[in-house]
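Notes to accompany the following structure.
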Amino acid sequence: MDPVVIGAVGGPFGVHGWVHVKSFTQPAENLATYRPWQLRRDIAWHPVEAAVRPHQRGFVACIDGCADRDAASALRGAEIAVAAEVLPATDIDEYYWRDLVGCQVLGEDGDVGTVVRVFETPAHDVLVVEGAHGADMIPFVPEIVTAVDVVAKTIVANWQSAWSGGA
């Protein structure tokens with residue numbers, strides 16, 4: 001299985017090779033505990049050792065082999081990932097976004113489409129669903145999403161394609 005992306009490298013921090021890192025985990029602090037890291041800037045994943053510490057509202061990291069500001073700049077945009085096995089198991093009614101992508105969404109008027117992306121808003125997470133009528137953005141809230149079966153790759157929603165720009 002492919003590694004799970006848990007963050008990304010930002011710009012340099014200082015002159016000794018440290019970098020800013022953005023966490024995609026909930027809570028954000030989990031970025032510092034999941035190990036070992038893998039980095040990808042192009043096609044291949046590369047294992048790395050890293051020391052991580054909080055800094056202001058984010059994190060900074062010292063990545064082995066990154067000794068100066070130029071090396072840190074070269075890592076900008078690299079994805080940070082870990083093996084799926086190091087992530088904790090989910091509780092009932094908890095899902096990793098990666099498990100929702102690819103699920104078929106069944107709505108009030110039949111097949112709405114396939115989840116292609118999930119993103120967070122201040123109010124709730126949103127499923128981006130591509131279907132025959134275009135893209136729908138479905139709020140991932142219990143009042144709308146009534147059932148999720150990640151094994152069967154299906155999501156049942158109180159949703160009609162016409163509600164968000166469909167036919």
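Chain labels run A, B, ... following the order of the structure tokens; each chain numbers its residues from 1, and ligands are numbered from 1 in the order shown.
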- Can you pull out every residue within 12 Å of A:Val129, counting only C-alpha atoms, but drop anything in the same chain fewer than 4 positions away, and send it as a ChimeraX atom specification? /A:100-107,111-119,133-140,155,157,159-161,164-166
- Message: Can you pull out the residues contacting stretch 76-80 of chain A? Cut-off 12 Å, using only C-alpha atoms, and skip same-chain residues under 5 positions away; I want them as a PyMOL selection string.
- Response: chain A and resi 3-13+17-25+31-32+34-50+61+63+66+69-71
- Task: Run DSSP on the backbone and grab whatever in stretch 42-116 of chain A lands in helix (DSSP H, G or I); send it over as a PyMOL selection string.
- Result: chain A and resi 69-74+84-86+97-100
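Counting from atom CA of A:Ala72, the distance to atom CA of A:Pro54 is 17.6 Å.
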- Query: as a list in words, which residues of stretch 66-122 of chain A does DSSP assign to strand (DSSP E)?
  - Reply: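 Everything in stretch 66-122 of chain A that counts as strand (DSSP E) is Glu79, Ile80, Ala81, Val82, Gln104, Val105, Leu106, Gly107, Gly110, Asp111, Val112, Gly113, Thr114, Val115, Val116, Arg117, Val118, Phe119 and Glu120 of chain A.
You will find atom CA of A:Val126 at 8.5 Å from atom CA of A:Val141.
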- Which residue out of A:Gly58, A:Ala84, A:Asp93, A:Ser73 has the minimum interatomic distance to A:Pro27 when only C-alpha atoms are used? A:Gly58
- Message: Can you measure atom CA of A:His16 to atom CA of A:Arg53 for me? One decimal in Å is fine.
- Response: 14.9 Å
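Nearest residue to A:Ala51, choosing from A:Gln26, A:Thr33, A:Thr146, A:Thr121 and counting only C-alpha atoms: A:Thr33.
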- Query: Closest to A:Glu94 among A:Ala81, A:Thr154, A:Asp149, A:Gly14, using only C-alpha atoms?
  - Reply: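 Closest to A:Glu94 of all the choices is A:Asp149.
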